[in-house]
file entry.txt (compact mmCIF, C-alpha atoms and all ligand atoms)
# COMPACT_ATOMS: atom_id res chain seq x y z
CA MET A 1 -224.57 -45.56 -158.63
CA LYS A 2 -227.77 -43.52 -158.98
CA HIS A 3 -228.11 -42.20 -155.39
CA PHE A 4 -226.11 -42.64 -152.20
CA THR A 5 -228.11 -43.47 -149.09
CA SER A 6 -226.33 -46.59 -147.79
CA VAL A 7 -223.31 -48.83 -148.28
CA HIS A 8 -225.50 -50.98 -150.56
CA ASP A 9 -225.61 -48.21 -153.18
CA LEU A 10 -221.88 -48.61 -153.88
CA ASP A 11 -221.00 -50.89 -156.79
CA SER A 12 -217.82 -51.89 -154.94
CA LEU A 13 -216.94 -50.98 -151.38
CA ASP A 14 -213.27 -51.83 -151.97
CA GLU A 15 -213.11 -49.57 -155.02
CA ALA A 16 -214.81 -46.74 -153.13
CA LEU A 17 -212.31 -47.05 -150.28
CA LYS A 18 -209.42 -47.04 -152.75
CA LEU A 19 -210.86 -43.94 -154.41
CA ALA A 20 -211.19 -42.11 -151.08
CA ALA A 21 -207.56 -42.98 -150.22
CA GLU A 22 -206.47 -41.78 -153.68
CA LEU A 23 -208.35 -38.49 -153.20
CA LYS A 24 -206.75 -38.03 -149.80
CA LYS A 25 -203.32 -38.18 -151.45
CA ASP A 26 -204.32 -35.90 -154.32
CA PRO A 27 -207.58 -33.99 -153.56
CA TYR A 28 -207.48 -31.95 -156.80
CA LYS A 29 -206.86 -34.85 -159.18
CA TYR A 30 -210.39 -34.63 -160.63
CA GLN A 31 -210.69 -30.85 -160.42
CA SER A 32 -212.26 -30.51 -163.88
CA LEU A 33 -214.82 -33.31 -163.43
CA GLY A 34 -217.45 -31.03 -161.86
CA LYS A 35 -217.00 -28.02 -164.15
CA ASN A 36 -220.35 -26.28 -164.75
CA LYS A 37 -222.07 -28.74 -162.41
CA THR A 38 -223.87 -27.63 -159.25
CA LEU A 39 -224.05 -29.39 -155.90
CA LEU A 40 -226.95 -28.16 -153.75
CA LEU A 41 -226.83 -29.11 -150.07
CA VAL A 42 -230.17 -28.96 -148.24
CA PHE A 43 -230.04 -28.92 -144.44
CA PHE A 44 -233.15 -29.54 -142.35
CA ASN A 45 -230.86 -29.90 -139.29
CA SER A 46 -227.67 -28.37 -137.88
CA SER A 47 -224.21 -29.50 -138.95
CA LEU A 48 -220.55 -28.58 -138.74
CA ARG A 49 -218.58 -31.48 -140.28
CA THR A 50 -221.09 -32.58 -142.92
CA ARG A 51 -221.76 -29.04 -144.06
CA LEU A 52 -218.08 -28.10 -144.41
CA SER A 53 -216.69 -31.40 -145.68
CA THR A 54 -219.38 -31.97 -148.33
CA GLN A 55 -219.11 -28.37 -149.50
CA LYS A 56 -215.31 -28.68 -149.77
CA ALA A 57 -215.68 -32.05 -151.51
CA GLY A 58 -217.76 -30.42 -154.25
CA LEU A 59 -215.32 -27.51 -154.57
CA ASN A 60 -212.34 -29.90 -154.84
CA LEU A 61 -214.12 -31.54 -157.79
CA GLY A 62 -214.61 -28.17 -159.49
CA MET A 63 -218.36 -27.90 -158.78
CA ASN A 64 -220.42 -24.86 -157.91
CA VAL A 65 -221.84 -25.42 -154.44
CA ILE A 66 -225.01 -23.97 -152.88
CA VAL A 67 -225.83 -24.54 -149.22
CA PHE A 68 -229.48 -24.11 -148.28
CA ASP A 69 -230.67 -24.12 -144.65
CA ILE A 70 -234.24 -24.84 -145.57
CA ASN A 71 -235.76 -24.06 -142.15
CA GLU A 72 -234.09 -20.66 -141.97
CA GLY A 73 -234.16 -19.15 -145.46
CA GLY A 74 -236.87 -21.28 -147.05
CA TRP A 75 -240.59 -21.74 -146.64
CA LYS A 76 -241.65 -24.25 -144.02
CA LEU A 77 -242.41 -27.49 -145.86
CA GLU A 78 -245.48 -29.67 -145.61
CA THR A 79 -244.38 -33.27 -146.09
CA GLU A 80 -247.73 -35.13 -145.85
CA LEU A 81 -249.81 -35.72 -148.98
CA GLY A 82 -253.57 -35.15 -148.83
CA VAL A 83 -253.57 -32.56 -146.06
CA ILE A 84 -255.45 -29.26 -146.17
CA MET A 85 -252.56 -26.80 -146.05
CA ASP A 86 -254.02 -24.34 -143.56
CA SER A 87 -251.14 -24.58 -141.05
CA ASP A 88 -247.87 -22.61 -140.79
CA LYS A 89 -246.35 -24.60 -143.72
CA PRO A 90 -246.91 -22.66 -146.96
CA GLU A 91 -244.97 -24.94 -149.36
CA HIS A 92 -245.34 -28.65 -150.13
CA ILE A 93 -242.30 -30.89 -150.48
CA ARG A 94 -243.97 -32.26 -153.65
CA GLU A 95 -243.26 -28.95 -155.46
CA ALA A 96 -240.18 -27.83 -153.51
CA VAL A 97 -238.08 -30.90 -154.33
CA PRO A 98 -238.53 -30.90 -158.13
CA VAL A 99 -237.89 -27.14 -158.14
CA ILE A 100 -234.64 -27.60 -156.16
CA GLY A 101 -233.74 -30.36 -158.63
CA ARG A 102 -234.00 -27.89 -161.53
CA TYR A 103 -231.23 -25.74 -160.00
CA CYS A 104 -228.56 -28.41 -159.57
CA ASP A 105 -226.99 -31.65 -160.77
CA ILE A 106 -226.64 -33.40 -157.39
CA ILE A 107 -228.58 -32.80 -154.17
CA GLY A 108 -227.27 -33.55 -150.68
CA VAL A 109 -229.96 -33.83 -147.98
CA ARG A 110 -229.71 -33.84 -144.20
CA SER A 111 -232.97 -34.78 -142.51
CA PHE A 112 -232.84 -36.42 -139.08
CA ALA A 113 -235.36 -38.80 -137.55
CA LYS A 114 -238.17 -36.80 -135.97
CA TYR A 115 -238.97 -39.54 -133.41
CA GLU A 116 -242.68 -38.79 -133.90
CA SER A 117 -243.41 -42.01 -135.80
CA LYS A 118 -241.17 -45.08 -136.09
CA GLU A 119 -242.87 -45.98 -139.38
CA ASP A 120 -242.28 -42.55 -140.97
CA ASP A 121 -238.65 -42.47 -139.83
CA TYR A 122 -237.85 -46.04 -140.86
CA GLU A 123 -239.58 -45.54 -144.25
CA GLU A 124 -237.21 -42.59 -144.76
CA LYS A 125 -240.16 -40.42 -145.71
CA ILE A 126 -238.17 -37.22 -146.35
CA ILE A 127 -235.11 -38.40 -148.28
CA GLN A 128 -237.27 -40.85 -150.23
CA GLN A 129 -239.37 -37.92 -151.52
CA PHE A 130 -236.15 -36.24 -152.69
CA ILE A 131 -235.21 -39.45 -154.53
CA ASP A 132 -238.71 -39.75 -156.00
CA TYR A 133 -239.20 -36.14 -157.12
CA ALA A 134 -235.79 -34.41 -157.56
CA GLY A 135 -234.87 -35.87 -160.95
CA VAL A 136 -231.16 -35.73 -160.03
CA PRO A 137 -228.91 -37.93 -157.85
CA VAL A 138 -229.44 -37.59 -154.11
CA VAL A 139 -226.76 -38.02 -151.43
CA SER A 140 -227.73 -38.67 -147.83
CA MET A 141 -225.93 -36.29 -145.50
CA GLU A 142 -227.66 -38.17 -142.63
CA ALA A 143 -231.22 -39.29 -142.98
CA ALA A 144 -233.59 -40.77 -140.40
CA THR A 145 -231.99 -44.21 -140.22
CA ARG A 146 -228.49 -43.95 -141.72
CA HIS A 147 -225.46 -41.66 -141.94
CA PRO A 148 -223.52 -43.33 -144.76
CA LEU A 149 -220.95 -40.57 -145.41
CA GLN A 150 -219.99 -40.86 -141.72
CA SER A 151 -219.74 -44.65 -141.88
CA PHE A 152 -217.61 -44.43 -145.03
CA ALA A 153 -215.21 -42.05 -143.23
CA ASP A 154 -215.23 -44.35 -140.18
CA HIS A 155 -214.29 -47.33 -142.33
CA LEU A 156 -211.50 -45.36 -144.02
CA THR A 157 -210.20 -44.34 -140.57
CA ILE A 158 -210.16 -47.93 -139.29
CA GLU A 159 -208.30 -49.01 -142.42
CA GLU A 160 -205.70 -46.31 -141.78
CA PHE A 161 -205.18 -47.06 -138.09
CA LYS A 162 -205.61 -50.83 -137.90
CA THR A 163 -202.55 -52.87 -136.97
CA LYS A 164 -204.02 -56.27 -137.86
CA GLU A 165 -206.03 -57.60 -140.78
CA LYS A 166 -209.21 -58.25 -138.81
CA PRO A 167 -209.44 -55.78 -135.91
CA LYS A 168 -211.98 -56.13 -133.13
CA VAL A 169 -214.33 -53.14 -133.44
CA VAL A 170 -216.70 -52.34 -130.59
CA LEU A 171 -219.70 -50.03 -130.92
CA THR A 172 -220.73 -48.88 -127.47
CA TRP A 173 -223.82 -46.96 -126.43
CA ALA A 174 -223.02 -44.02 -124.12
CA PRO A 175 -225.22 -41.77 -121.99
CA HIS A 176 -226.50 -38.42 -123.20
CA PRO A 177 -229.01 -35.92 -121.84
CA ARG A 178 -231.11 -35.96 -125.04
CA ALA A 179 -232.72 -38.53 -127.32
CA LEU A 180 -230.32 -38.88 -130.24
CA PRO A 181 -231.03 -40.55 -133.61
CA GLN A 182 -230.08 -44.15 -134.40
CA ALA A 183 -228.67 -43.18 -137.81
CA VAL A 184 -224.98 -43.32 -136.88
CA PRO A 185 -225.05 -46.65 -134.99
CA ASN A 186 -227.40 -48.26 -137.57
CA SER A 187 -225.21 -47.18 -140.42
CA PHE A 188 -221.96 -48.10 -138.64
CA VAL A 189 -223.25 -51.63 -137.95
CA GLU A 190 -224.56 -52.02 -141.49
CA TRP A 191 -221.28 -50.82 -142.98
CA ILE A 192 -218.93 -52.78 -140.71
CA ARG A 193 -220.94 -55.96 -141.31
CA GLU A 194 -219.80 -55.62 -144.95
CA THR A 195 -216.18 -56.10 -143.75
CA ASP A 196 -214.48 -59.09 -142.15
CA TYR A 197 -213.71 -57.18 -138.94
CA GLU A 198 -214.93 -58.64 -135.66
CA LEU A 199 -217.86 -56.42 -134.63
CA VAL A 200 -219.33 -56.27 -131.12
CA VAL A 201 -222.25 -54.01 -130.18
CA THR A 202 -222.74 -53.20 -126.50
CA HIS A 203 -225.52 -51.25 -124.78
CA PRO A 204 -227.89 -51.48 -121.81
CA GLU A 205 -231.00 -53.63 -122.28
CA GLY A 206 -233.72 -51.71 -124.12
CA TYR A 207 -231.30 -50.06 -126.57
CA GLU A 208 -231.31 -52.87 -129.17
CA LEU A 209 -230.91 -51.51 -132.70
CA ALA A 210 -233.45 -52.36 -135.41
CA PRO A 211 -233.25 -56.02 -136.55
CA GLU A 212 -232.76 -54.92 -140.17
CA PHE A 213 -229.36 -53.50 -139.14
CA MET A 214 -228.28 -56.07 -136.54
CA GLY A 215 -229.23 -59.15 -138.59
CA ASP A 216 -227.93 -62.17 -136.67
CA LEU A 217 -225.53 -60.06 -134.56
CA LYS A 218 -226.44 -60.33 -130.86
CA PRO A 219 -225.67 -57.44 -128.48
CA GLU A 220 -223.29 -57.88 -125.55
CA TYR A 221 -224.93 -56.26 -122.51
CA ASP A 222 -221.74 -56.37 -120.42
CA GLN A 223 -219.71 -53.37 -121.58
CA MET A 224 -216.47 -54.45 -119.86
CA LYS A 225 -216.68 -57.88 -121.48
CA ALA A 226 -217.30 -56.25 -124.88
CA PHE A 227 -214.23 -54.02 -124.51
CA GLU A 228 -211.83 -56.90 -123.75
CA GLY A 229 -209.12 -57.04 -126.43
CA ALA A 230 -210.82 -54.40 -128.62
CA ASP A 231 -208.73 -52.58 -131.23
CA PHE A 232 -211.29 -49.81 -131.85
CA ILE A 233 -213.92 -48.35 -129.54
CA TYR A 234 -216.69 -46.45 -131.33
CA ALA A 235 -218.86 -44.56 -128.85
CA LYS A 236 -222.30 -43.17 -129.64
CA SER A 237 -225.48 -42.37 -127.83
CA TRP A 238 -228.86 -43.26 -129.29
CA ALA A 239 -232.44 -43.39 -128.12
CA SER A 240 -234.38 -46.64 -127.80
CA TYR A 241 -235.74 -48.30 -130.95
CA LYS A 242 -238.12 -50.61 -129.07
CA ASP A 243 -239.50 -47.84 -126.84
CA TYR A 244 -239.19 -45.54 -129.82
CA GLY A 245 -237.28 -42.31 -129.25
CA LYS A 246 -237.14 -42.68 -125.45
CA VAL A 247 -234.10 -42.12 -123.22
CA LEU A 248 -234.15 -45.19 -120.93
CA SER A 249 -230.85 -44.63 -119.14
CA LYS A 250 -228.38 -41.90 -118.33
CA ASP A 251 -226.11 -44.30 -116.44
CA ARG A 252 -222.68 -42.71 -116.42
CA ASN A 253 -221.04 -46.07 -115.73
CA TRP A 254 -221.36 -46.39 -119.52
CA THR A 255 -219.32 -43.21 -120.14
CA VAL A 256 -216.15 -44.37 -121.90
CA SER A 257 -213.28 -43.78 -119.49
CA ASP A 258 -209.82 -45.14 -118.62
CA ARG A 259 -211.49 -47.96 -116.64
CA GLN A 260 -212.98 -49.56 -119.79
CA MET A 261 -210.12 -48.59 -122.12
CA ALA A 262 -207.68 -50.44 -119.79
CA VAL A 263 -209.04 -53.85 -120.86
CA THR A 264 -208.76 -53.13 -124.60
CA ASN A 265 -205.85 -53.91 -126.89
CA ASN A 266 -204.63 -50.29 -126.62
CA ALA A 267 -207.75 -49.40 -128.64
CA LYS A 268 -208.21 -46.31 -130.72
CA PHE A 269 -211.15 -44.19 -129.62
CA MET A 270 -213.64 -43.06 -132.28
CA HIS A 271 -216.73 -40.83 -132.26
CA CYS A 272 -218.53 -39.09 -135.11
CA LEU A 273 -218.67 -35.74 -133.20
CA PRO A 274 -220.06 -33.52 -131.84
CA VAL A 275 -219.47 -35.25 -128.52
CA ARG A 276 -220.45 -34.35 -124.96
CA ARG A 277 -217.31 -34.65 -122.86
CA ASN A 278 -217.65 -36.50 -119.55
CA MET A 279 -221.11 -37.77 -120.59
CA VAL A 280 -220.15 -39.87 -123.61
CA VAL A 281 -216.38 -40.00 -123.05
CA SER A 282 -214.01 -38.77 -120.37
CA ASP A 283 -211.60 -35.93 -121.07
CA SER A 284 -208.72 -38.34 -120.41
CA VAL A 285 -209.82 -40.72 -123.21
CA ILE A 286 -210.72 -38.15 -125.85
CA ASP A 287 -207.55 -36.16 -125.14
CA SER A 288 -205.33 -39.28 -125.18
CA GLU A 289 -203.02 -40.16 -128.04
CA ASN A 290 -205.38 -43.07 -128.84
CA SER A 291 -208.20 -40.72 -129.76
CA VAL A 292 -208.63 -40.50 -133.55
CA VAL A 293 -211.73 -38.30 -133.61
CA VAL A 294 -210.06 -35.48 -135.55
CA PRO A 295 -208.51 -37.63 -138.32
CA GLU A 296 -211.89 -39.42 -138.46
CA ALA A 297 -213.62 -36.07 -139.04
CA GLU A 298 -210.98 -35.13 -141.63
CA ASN A 299 -211.87 -38.30 -143.54
CA ARG A 300 -215.41 -36.97 -143.96
CA LEU A 301 -213.99 -34.83 -146.76
CA PHE A 302 -212.63 -37.81 -148.70
CA SER A 303 -215.66 -40.03 -148.22
CA ALA A 304 -217.87 -37.21 -149.53
CA GLN A 305 -215.50 -36.50 -152.40
CA ALA A 306 -215.40 -40.16 -153.42
CA VAL A 307 -219.21 -40.40 -153.43
CA ILE A 308 -219.69 -37.19 -155.41
CA LYS A 309 -216.98 -38.25 -157.87
CA LEU A 310 -218.77 -41.58 -158.46
CA LEU A 311 -222.05 -39.73 -159.09
CA LEU A 312 -220.36 -37.25 -161.46
CA ASP A 313 -218.86 -40.18 -163.39
CA GLU A 314 -222.39 -41.51 -163.85
CA ILE A 315 -223.76 -38.09 -164.90
CA ASN A 316 -220.91 -37.50 -167.36
CA LYS A 317 -221.34 -40.94 -169.05
N1 LIG A 401 -220.61 -36.22 -137.59
C1 LIG A 401 -221.40 -35.30 -138.15
O1 LIG A 401 -222.24 -35.61 -139.00
O2 LIG A 401 -221.17 -34.03 -137.73
P1 LIG A 401 -222.13 -32.79 -138.03
O3 LIG A 401 -223.47 -33.12 -137.40
O4 LIG A 401 -221.46 -31.62 -137.39
O5 LIG A 401 -222.26 -32.64 -139.51
call {"tool": "encode", "arguments": {"input": "entry.txt", "output": "structure tokens"}}
result
Amino acid sequence: MKHFTSVHDLDSLDEALKLAAELKKDPYKYQSLGKNKTLLLVFFNSSLRTRLSTQKAGLNLGMNVIVFDINEGGWKLETELGVIMDSDKPEHIREAVPVIGRYCDIIGVRSFAKYESKEDDYEEKIIQQFIDYAGVPVVSMEAATRHPLQSFADHLTIEEFKTKEKPKVVLTWAPHPRALPQAVPNSFVEWIRETDYELVVTHPEGYELAPEFMGDLKPEYDQMKAFEGADFIYAKSWASYKDYGKVLSKDRNWTVSDRQMAVTNNAKFMHCLPVRRNMVVSDSVIDSENSVVVPEAENRLFSAQAVIKLLLDEINK
């Protein structure tokens, strides 16, 4: 594996899952693997879980870890080629990225969709420039269209909590006051389609995910119907893809509550966090014993550690 930006970068999903489970049992097993190696985590956007879990993952592997909030301590970056740089952005990404690459062995990047241009976001303009110019492996810590470390942790969590071989997993849109990225739902769908779970995606009309992620999977517009017999409910808000970046609905009938959970197969409730209580999910559901949001967040550590370990193996070859 040269970089990690999606499930398709893994040589073997099964082996990666096994490795994450192994690391969960013994987090310090490969403590000397990252000796004298540096992990540099670049954040263009805020984070709690990704920041802490990826940092800890590097430390568990014996790496030096640098966290860089580029918009706070760094120069504002110009990301377009060919522009006259007379604005408030004194540094170009074309120089910044190779320079960052000289200070580390692996780079993690968080760069959300800007929702200014569908083309720019879906071409992954920012993380792709890191891949093109850094000269070292790049790990996506959530890019414009995918959040693969989250999806890896989600998959690990479903494996841990499932009570049947092929659980029914439902991804449901939920209301939110702001336009949120499509990275988590895109990535979740892409990742779960690699398994033999039954996957159902439900959302109001207008919230269809990009065809490249849905493939031949058709959305179920009736949320109650989608929830029937579900073993896992994965809630997430996202803005429209078709009407790019727009909030088309704030209908709180879609808020996951006891009403919908009652028709499931005693489903576990999942969310990547942070979550807006009583917008996305009711207090009663997220506080119930079926909520696995905290163990899901804990698994972020082991998904990150597995990915970094695989990249270190490649570097050390
Ligand atoms: N789920 C997730 O990525 O959380 P943070 O945004 O806090 O990192």
call {"tool": "atom_distance", "arguments": {"input": "entry.txt", "atom1": "atom P1 of ligand LIG 401 (chain A)", "atom2": "atom CA of Cys272 of chain A"}}
result
7.8 Å
call {"tool": "atom_distance", "arguments": {"input": "entry.txt", "atom1": "atom CA of Phe4 of chain A", "atom2": "atom CA of Ser140 of chain A"}}
result
6.1 Å
call {"tool": "closest_residue", "arguments": {"input": "entry.txt", "among": "A:Ala297, A:Leu248, A:Ala113, A:Ile126", "to": "ligand LIG 401 (chain A)", "atoms": "all atoms listed in the file"}}
result
A:Ala297
call {"tool": "closest_atom_pairs", "arguments": {"input": "entry.txt", "of": "chain A", "to": "ligand LIG 401 (chain A)", "cutoff": "9 Å", "atoms": "only C-alpha atoms and all ligand atoms", "output": "tab-separated table"}}
result
residue	atom	partner	partner_atom	distance
A:Asn45	CA	A:LIG401	O3	8.3
A:Ser46	CA	A:LIG401	O3	6.4
A:Ser47	CA	A:LIG401	O5	3.7
A:Leu48	CA	A:LIG401	O4	3.4
A:Arg49	CA	A:LIG401	O5	3.9
A:Thr50	CA	A:LIG401	O5	3.6
A:Arg51	CA	A:LIG401	O5	5.8
A:Leu52	CA	A:LIG401	O5	7.9
A:Ser53	CA	A:LIG401	O5	8.4
A:Arg110	CA	A:LIG401	O5	8.9
A:Met141	CA	A:LIG401	O1	7.5
A:Glu142	CA	A:LIG401	O1	7.0
A:His147	CA	A:LIG401	O1	7.5
A:Leu149	CA	A:LIG401	O1	8.2
A:Gln150	CA	A:LIG401	N1	6.2
A:Val184	CA	A:LIG401	N1	8.4
A:His271	CA	A:LIG401	N1	8.0
A:Cys272	CA	A:LIG401	N1	4.3
A:Leu273	CA	A:LIG401	N1	4.8
A:Pro274	CA	A:LIG401	O2	6.0
A:Ala297	CA	A:LIG401	N1	7.1
A:Arg300	CA	A:LIG401	N1	8.3
call {"tool": "residues_around", "arguments": {"input": "entry.txt", "residues": "Lys114 of chain A", "least_positions_apart": "2", "cutoff": "12 Å", "atoms": "all atoms listed in the file", "output": "MDAnalysis selection string"}}
result
chainID A and resid 44:45 111:112 116:122 124:126 143:145 179:183 239 244:245
call {"tool": "residues_around", "arguments": {"input": "entry.txt", "residues": "Ala230 of chain A", "least_positions_apart": "3", "cutoff": "9 Å", "atoms": "all atoms listed in the file", "output": "list in words"}}
result
Pro167, Lys168, Val169, Val170, Ala226, Phe227, Ile233, Met261, Val263, Thr264, Asn265, Asn266, Ala267 and Lys268 of chain A
call {"tool": "residues_around", "arguments": {"input": "entry.txt", "residues": "segment 91-95 of chain A", "least_positions_apart": "5", "cutoff": "12 Å", "atoms": "only C-alpha atoms", "output": "mmCIF file with C-alpha atoms, keeping the file's coordinate frame"}}
result
data_model
loop_
_atom_site.group_PDB
_atom_site.id
_atom_site.type_symbol
_atom_site.label_atom_id
_atom_site.label_comp_id
_atom_site.auth_asym_id
_atom_site.auth_seq_id
_atom_site.Cartn_x
_atom_site.Cartn_y
_atom_site.Cartn_z
ATOM 1 C CA ILE A 70 -234.240 -24.840 -145.570
ATOM 2 C CA ASN A 71 -235.760 -24.060 -142.150
ATOM 3 C CA GLY A 74 -236.870 -21.280 -147.050
ATOM 4 C CA TRP A 75 -240.590 -21.740 -146.640
ATOM 5 C CA LYS A 76 -241.650 -24.250 -144.020
ATOM 6 C CA LEU A 77 -242.410 -27.490 -145.860
ATOM 7 C CA GLU A 78 -245.480 -29.670 -145.610
ATOM 8 C CA THR A 79 -244.380 -33.270 -146.090
ATOM 9 C CA GLU A 80 -247.730 -35.130 -145.850
ATOM 10 C CA LEU A 81 -249.810 -35.720 -148.980
ATOM 11 C CA GLY A 82 -253.570 -35.150 -148.830
ATOM 12 C CA VAL A 83 -253.570 -32.560 -146.060
ATOM 13 C CA ILE A 84 -255.450 -29.260 -146.170
ATOM 14 C CA MET A 85 -252.560 -26.800 -146.050
ATOM 15 C CA ASP A 86 -254.020 -24.340 -143.560
ATOM 16 C CA ILE A 100 -234.640 -27.600 -156.160
ATOM 17 C CA GLY A 101 -233.740 -30.360 -158.630
ATOM 18 C CA ARG A 102 -234.000 -27.890 -161.530
ATOM 19 C CA LYS A 125 -240.160 -40.420 -145.710
ATOM 20 C CA ILE A 126 -238.170 -37.220 -146.350
ATOM 21 C CA ILE A 127 -235.110 -38.400 -148.280
ATOM 22 C CA GLN A 128 -237.270 -40.850 -150.230
ATOM 23 C CA GLN A 129 -239.370 -37.920 -151.520
ATOM 24 C CA PHE A 130 -236.150 -36.240 -152.690
ATOM 25 C CA ILE A 131 -235.210 -39.450 -154.530
ATOM 26 C CA ASP A 132 -238.710 -39.750 -156.000
ATOM 27 C CA TYR A 133 -239.200 -36.140 -157.120
ATOM 28 C CA ALA A 134 -235.790 -34.410 -157.560
#
call {"tool": "atom_distance", "arguments": {"input": "entry.txt", "atom1": "atom CA of Gln31 of chain A", "atom2": "atom CA of Ala57 of chain A"}}
result
10.3 Å
call {"tool": "residues_around", "arguments": {"input": "entry.txt", "residues": "Ser151 of chain A", "least_positions_apart": "6", "cutoff": "7 Å", "atoms": "all atoms listed in the file", "output": "MDAnalysis selection string"}}
result
chainID A and resid 187:188 191
call {"tool": "residues_around", "arguments": {"input": "entry.txt", "residues": "Ser291 of chain A", "least_positions_apart": "5", "cutoff": "7 Å", "atoms": "all atoms listed in the file", "output": "ChimeraX atom specification"}}
result
/A:268-270,285-286
call {"tool": "decode", "arguments": {"input": "entry.txt", "residues": "segment 141-156 of chain A", "atoms": "N, CA and C atoms", "output": "PDB file, in the first residue's frame"}}
result
ATOM      1  N   MET A 141      -7.225  11.652   6.463  1.00  0.00           N
ATOM      2  CA  MET A 141      -7.877  11.738   7.784  1.00  0.00           C
ATOM      3  C   MET A 141      -9.259  12.390   7.610  1.00  0.00           C
ATOM      4  N   GLU A 142      -9.814  12.274   6.479  1.00  0.00           N
ATOM      5  CA  GLU A 142     -11.076  12.756   5.918  1.00  0.00           C
ATOM      6  C   GLU A 142     -10.755  13.801   4.878  1.00  0.00           C
ATOM      7  N   ALA A 143     -11.042  13.396   3.650  1.00  0.00           N
ATOM      8  CA  ALA A 143     -10.855  14.296   2.508  1.00  0.00           C
ATOM      9  C   ALA A 143     -12.237  14.754   2.038  1.00  0.00           C
ATOM     10  N   ALA A 144     -12.292  15.308   0.829  1.00  0.00           N
ATOM     11  CA  ALA A 144     -13.558  15.897   0.359  1.00  0.00           C
ATOM     12  C   ALA A 144     -14.643  14.846   0.160  1.00  0.00           C
ATOM     13  N   THR A 145     -14.275  13.657  -0.281  1.00  0.00           N
ATOM     14  CA  THR A 145     -15.315  12.676  -0.641  1.00  0.00           C
ATOM     15  C   THR A 145     -15.293  11.396   0.182  1.00  0.00           C
ATOM     16  N   ARG A 146     -14.288  11.192   1.012  1.00  0.00           N
ATOM     17  CA  ARG A 146     -14.209   9.940   1.777  1.00  0.00           C
ATOM     18  C   ARG A 146     -13.619  10.176   3.165  1.00  0.00           C
ATOM     19  N   HIS A 147     -13.983   9.297   4.093  1.00  0.00           N
ATOM     20  CA  HIS A 147     -13.372   9.294   5.428  1.00  0.00           C
ATOM     21  C   HIS A 147     -13.015   7.836   5.757  1.00  0.00           C
ATOM     22  N   PRO A 148     -11.961   7.319   5.110  1.00  0.00           N
ATOM     23  CA  PRO A 148     -11.721   5.874   5.176  1.00  0.00           C
ATOM     24  C   PRO A 148     -11.308   5.356   6.559  1.00  0.00           C
ATOM     25  N   LEU A 149     -10.609   6.162   7.359  1.00  0.00           N
ATOM     26  CA  LEU A 149     -10.248   5.685   8.699  1.00  0.00           C
ATOM     27  C   LEU A 149     -11.518   5.488   9.538  1.00  0.00           C
ATOM     28  N   GLN A 150     -12.515   6.363   9.310  1.00  0.00           N
ATOM     29  CA  GLN A 150     -13.793   6.217  10.011  1.00  0.00           C
ATOM     30  C   GLN A 150     -14.499   4.942   9.557  1.00  0.00           C
ATOM     31  N   SER A 151     -14.546   4.738   8.244  1.00  0.00           N
ATOM     32  CA  SER A 151     -15.254   3.557   7.717  1.00  0.00           C
ATOM     33  C   SER A 151     -14.593   2.263   8.183  1.00  0.00           C
ATOM     34  N   PHE A 152     -13.274   2.276   8.257  1.00  0.00           N
ATOM     35  CA  PHE A 152     -12.530   1.104   8.747  1.00  0.00           C
ATOM     36  C   PHE A 152     -12.963   0.820  10.193  1.00  0.00           C
ATOM     37  N   ALA A 153     -13.003   1.853  11.025  1.00  0.00           N
ATOM     38  CA  ALA A 153     -13.420   1.688  12.427  1.00  0.00           C
ATOM     39  C   ALA A 153     -14.882   1.235  12.505  1.00  0.00           C
ATOM     40  N   ASP A 154     -15.713   1.756  11.608  1.00  0.00           N
ATOM     41  CA  ASP A 154     -17.127   1.361  11.582  1.00  0.00           C
ATOM     42  C   ASP A 154     -17.251  -0.130  11.259  1.00  0.00           C
ATOM     43  N   HIS A 155     -16.479  -0.565  10.282  1.00  0.00           N
ATOM     44  CA  HIS A 155     -16.517  -1.984   9.888  1.00  0.00           C
ATOM     45  C   HIS A 155     -16.059  -2.872  11.052  1.00  0.00           C
ATOM     46  N   LEU A 156     -14.976  -2.467  11.689  1.00  0.00           N
ATOM     47  CA  LEU A 156     -14.462  -3.219  12.846  1.00  0.00           C
ATOM     48  C   LEU A 156     -15.540  -3.299  13.940  1.00  0.00           C
TER      49      LEU A 156
END
